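J.: Sharing a structure below in structure tokens format, with a few things to ask.
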Amino acid sequence: MLISSLAIIICLICVIGIHEIGHALAAKIFGVKIRSISLGFGKTLFKFKCSRDYSVDIKALPIGGCVHLFNTRVIPVTPDKEQFCFDNKPIWVRIIILLSGSIANVVLAFIALMFMFIIGFKQMPAVIDTVITGSRAELVGLKDGDRITKVAGKDAQYWRDVGMQFIMHVGQKNVPIVACSQLNICHSFSLDLDLWNRDSKNFSMYDAIGFKPRVGKQYVVFTPGSSFLKSIMQAYSSLLGLFAFFFVILKQIFLGAIPFAALLGPFKFFEAVIDSFMQGFATFLYFMGNFSLAMGVANLLPIPGLDGGSVIYALIEKVRGKPISIALEVLIYRLIFIAFAIFIVKLIVNDMHYYF
């Protein structure tokens, strides 16, 4: 229990904390005063006084954070402090402050991936354990013991890479893959990766395709660490790949190729954090890098309440010559808050399907 809690706390503080630190540093650079920094939402559990000007508050619900800046649209400000208010800064300054949180997440993701490549990491070769009788995998000719090497023209010799490529091509037909037999004879196949069964409680793509991956500690392959310079290049390449992966996932979700019921909720997320922590430091670094980058990308979505939504507000103000009314902004925020609450409830329901 202690280790599990430690894993969750480290991951959330690093990823959410670095996002808010990014906002706070940019605000400091451009002379915007900070009222407080919140990690999480809801009731305040701990409060740390960082300076005479602001504090850091640890909240009960670890599902985000916020940097509260001086803003005349939010609280009354004395005339001598108006020059330090966020809304009184040029629009380009505001946009930089808004984007700085996601930039910090990208930097953290890069550092986490770089250290993973430096220390070395474990991977699971993409070997098929059993092919399900009558499945699409059997129909195209895949057999027990086959080793997948390419998906859609991309090298994918480990289950981590295969899974990412499958998700990126969900909904497509005739996706080319290359698999080699136990005799090392390689063949090309075409798989249909159309939607898996939305009504099923098991949303494994591998089950939907028709095979069981060969997994287990005895099959793990260790990739030795690289030099510092090589690790930088590997982290950069991996970061670009993950960027593409997350943007494709967002597209797949919006287009309905990935059903909402397949998304993980907070309980499964915490389970994934703990599982990565228990698998070793390198695996935890990879997970944290993924989470940090995903958070950075998600915050850029043009949705009110997220940084991307605030950037849209700033651009609208630039075009109109004046900001939208406070009443309209509050109304939109409340509607988005209700939608977010419903979204979280639905994710929790998704999690319950895995346990009951």
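The way I read the labels, and the way they are meant: chains A, B, ... in the order of the structure tokens, residue 1 as the first residue of every chain, and ligand 1 as the first ligand shown, with later ones counted on from there.
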Excluding Val56 (chain A) and residues on its chain fewer than 2 positions from it, collect all residues at most 7 Å away from it, counting only C-alpha atoms, and give them as a list in words.
T.: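 So the residues in contact are Ser36, Ile37, Ser38, Lys47, Phe48, Lys49, Cys50 and Ile58 of chain A.
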J.: Keeping only N, CA and C atoms, write the selected residues to a file as a compact mmCIF listing (two decimals), in the first residue's frame.
T.:
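The result, written out as selection-v4.txt:
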# COMPACT_ATOMS: atom_id res chain seq x y z
N SER A 36 -1.58 31.99 -5.93
CA SER A 36 -1.32 30.67 -5.34
C SER A 36 -1.17 29.65 -6.46
N ILE A 37 -0.57 28.50 -6.10
CA ILE A 37 -0.44 27.37 -7.03
C ILE A 37 -1.15 26.19 -6.40
N SER A 38 -2.09 25.59 -7.13
CA SER A 38 -2.85 24.45 -6.61
C SER A 38 -2.49 23.19 -7.38
N LYS A 47 -0.85 23.08 2.82
CA LYS A 47 -0.54 24.40 2.27
C LYS A 47 0.90 24.75 2.64
N PHE A 48 1.70 25.07 1.61
CA PHE A 48 3.09 25.44 1.83
C PHE A 48 3.30 26.88 1.38
N LYS A 49 3.84 27.69 2.26
CA LYS A 49 4.11 29.09 1.94
C LYS A 49 5.46 29.18 1.25
N CYS A 50 5.45 29.52 -0.05
CA CYS A 50 6.69 29.60 -0.81
C CYS A 50 7.37 30.95 -0.68
N ILE A 58 -1.93 21.71 -1.78
CA ILE A 58 -2.15 20.33 -2.21
C ILE A 58 -3.61 19.99 -1.96
J.: Choose the residue, out of A:Asn88, A:Gln123, A:Ser231, A:Thr133, that has the smallest atom-to-atom separation from Ala156 (chain A); count only C-alpha atoms.
T.: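 Ranked by minimum distance to Ala156 (chain A), first place goes to A:Gln123.
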J.: Which of these, A:Ile185, A:Ala126, A:Leu139, A:Ala341, has the shortest distance to Arg160 (chain A) once you count only C-alpha atoms?
T.: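 Ranked by minimum distance to Arg160 (chain A), first place goes to A:Ala126.
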J.: Using DSSP on the backbone, list every residue of region 185-335 of chain A that comes out as strand (DSSP E or B), and give them as an NGL selection string.
T.: :A and (186-193 or 211-213 or 221-223)
J.: Got a sec: who's within 10 Å of Val349 (chain A), counting only C-alpha atoms, leaving out chain neighbours fewer than 6 positions off, as a PyMOL selection string?
T.: chain A and resi 261+264-265+343
J.: Here is a test: counting only C-alpha atoms, which residue of A:Met164, A:Asn350, A:Phe222, A:His19 is nearest to Phe243 (chain A)?
T.: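 Smallest distance to Phe243 (chain A) is found for A:Met164.
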J.: Please identify which residues in region 31-184 of chain A DSSP calls alpha helix (DSSP H) from the backbone, and express them as an MDAnalysis selection string.
T.: chainID A and resid 91:119 136:140 159:168
J.: Excluding same-chain residues fewer than 5 positions from region 247-256 of chain A, what lies within 10 Å of it counting only C-alpha atoms, as a PyMOL selection string?
T.: chain A and resi 164+167-171+195+242+262-263+294+297-298+301
J.: Considering only C-alpha atoms, can you say which of A:Ile312, A:Val106, A:Met116, A:Leu12 comes closest to Gly296 (chain A)?
T.: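 Ranked by minimum distance to Gly296 (chain A), first place goes to A:Val106.
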J.: Near Met124 (chain A), counting only C-alpha atoms, which residues have an atom at most 8 Å away, once you skip same-chain residues fewer than 5 positions from it, shown as a PyMOL selection string?
T.: chain A and resi 158-160+215+219-221
J.: Please provide as a PDB file with N, CA and C atoms, in the first residue's frame all residues within 12 Å of Pro266 (chain A), with the sequence filter that same-chain residues fewer than 5 positions apart are discarded (counting only C-alpha atoms).
T.:
ATOM      1  N   ILE A   8       2.043   6.695  -7.062  1.00  0.00           N
ATOM      2  CA  ILE A   8       1.024   7.633  -7.542  1.00  0.00           C
ATOM      3  C   ILE A   8       1.416   9.068  -7.207  1.00  0.00           C
ATOM      4  N   LEU A  61      -8.350  16.096  -4.700  1.00  0.00           N
ATOM      5  CA  LEU A  61      -8.579  15.365  -5.951  1.00  0.00           C
ATOM      6  C   LEU A  61      -7.421  15.608  -6.916  1.00  0.00           C
ATOM      7  N   PRO A  62      -6.561  14.610  -7.130  1.00  0.00           N
ATOM      8  CA  PRO A  62      -5.361  14.807  -7.962  1.00  0.00           C
ATOM      9  C   PRO A  62      -5.649  14.671  -9.452  1.00  0.00           C
ATOM     10  N   ILE A  63      -6.537  15.499  -9.974  1.00  0.00           N
ATOM     11  CA  ILE A  63      -6.924  15.380 -11.386  1.00  0.00           C
ATOM     12  C   ILE A  63      -6.589  16.655 -12.164  1.00  0.00           C
ATOM     13  N   GLU A 271      -3.805   2.128 -11.362  1.00  0.00           N
ATOM     14  CA  GLU A 271      -3.306   0.756 -11.451  1.00  0.00           C
ATOM     15  C   GLU A 271      -2.123   0.687 -12.415  1.00  0.00           C
ATOM     16  N   ALA A 272      -2.220   1.421 -13.529  1.00  0.00           N
ATOM     17  CA  ALA A 272      -1.127   1.449 -14.507  1.00  0.00           C
ATOM     18  C   ALA A 272       0.111   2.121 -13.923  1.00  0.00           C
ATOM     19  N   VAL A 273      -0.087   3.187 -13.134  1.00  0.00           N
ATOM     20  CA  VAL A 273       1.038   3.866 -12.476  1.00  0.00           C
ATOM     21  C   VAL A 273       1.770   2.890 -11.561  1.00  0.00           C
ATOM     22  N   PHE A 343     -18.041  13.338 -17.790  1.00  0.00           N
ATOM     23  CA  PHE A 343     -16.945  12.608 -18.435  1.00  0.00           C
ATOM     24  C   PHE A 343     -16.212  11.726 -17.425  1.00  0.00           C
ATOM     25  N   ILE A 344     -15.895  12.280 -16.260  1.00  0.00           N
ATOM     26  CA  ILE A 344     -15.195  11.516 -15.221  1.00  0.00           C
ATOM     27  C   ILE A 344     -16.056  10.358 -14.727  1.00  0.00           C
ATOM     28  N   VAL A 345     -17.348  10.605 -14.532  1.00  0.00           N
ATOM     29  CA  VAL A 345     -18.259   9.544 -14.079  1.00  0.00           C
ATOM     30  C   VAL A 345     -18.281   8.406 -15.094  1.00  0.00           C
ATOM     31  N   LYS A 346     -18.332   8.750 -16.376  1.00  0.00           N
ATOM     32  CA  LYS A 346     -18.351   7.721 -17.416  1.00  0.00           C
ATOM     33  C   LYS A 346     -17.050   6.924 -17.433  1.00  0.00           C
ATOM     34  N   LEU A 347     -15.933   7.604 -17.191  1.00  0.00           N
ATOM     35  CA  LEU A 347     -14.655   6.898 -17.126  1.00  0.00           C
ATOM     36  C   LEU A 347     -14.619   5.943 -15.935  1.00  0.00           C
ATOM     37  N   ILE A 348     -15.180   6.380 -14.812  1.00  0.00           N
ATOM     38  CA  ILE A 348     -15.242   5.504 -13.635  1.00  0.00           C
ATOM     39  C   ILE A 348     -16.106   4.285 -13.928  1.00  0.00           C
ATOM     40  N   VAL A 349     -17.208   4.495 -14.639  1.00  0.00           N
ATOM     41  CA  VAL A 349     -18.066   3.376 -15.046  1.00  0.00           C
ATOM     42  C   VAL A 349     -17.277   2.415 -15.937  1.00  0.00           C
ATOM     43  N   ASN A 350     -16.462   2.957 -16.846  1.00  0.00           N
ATOM     44  CA  ASN A 350     -15.606   2.104 -17.678  1.00  0.00           C
ATOM     45  C   ASN A 350     -14.710   1.228 -16.812  1.00  0.00           C
ATOM     46  N   ASP A 351     -14.127   1.831 -15.776  1.00  0.00           N
ATOM     47  CA  ASP A 351     -13.255   1.077 -14.876  1.00  0.00           C
ATOM     48  C   ASP A 351     -14.010  -0.035 -14.172  1.00  0.00           C
ATOM     49  N   MET A 352     -15.228   0.248 -13.768  1.00  0.00           N
ATOM     50  CA  MET A 352     -16.019  -0.742 -13.041  1.00  0.00           C
ATOM     51  C   MET A 352     -16.264  -1.993 -13.881  1.00  0.00           C
TER      52      MET A 352
END
J.: Name all residues at most 10 Å from Gly309 (chain A) (count only C-alpha atoms; drop same-chain ones fewer than 5 positions away) and give them as a PyMOL selection string.
T.: chain A and resi 98+299-304+314-315
J.: Taking only C-alpha atoms into account, which of A:Val127, A:Ile34, A:Ile148, A:Ile342 comes nearest Ile21 (chain A)?
T.: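 Closest residue, counting only C-alpha atoms: A:Ile34.
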J.: Give the answer as one residue: which of A:Leu331, A:Met205, A:Ile177, A:Leu99 has the shortest atom-to-atom distance to Gly163 (chain A), using only C-alpha atoms?
T.: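 Between A:Leu331, A:Met205, A:Ile177, A:Leu99, the residue approaching Gly163 (chain A) most closely is A:Met205.
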J.: In Å to one decimal, how far is CA of Gly64 (chain A) from CA of Arg35 (chain A)?
T.: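 Atom-to-atom, CA of Arg35 (chain A) to CA of Gly64 (chain A), that is 17.4 Å.
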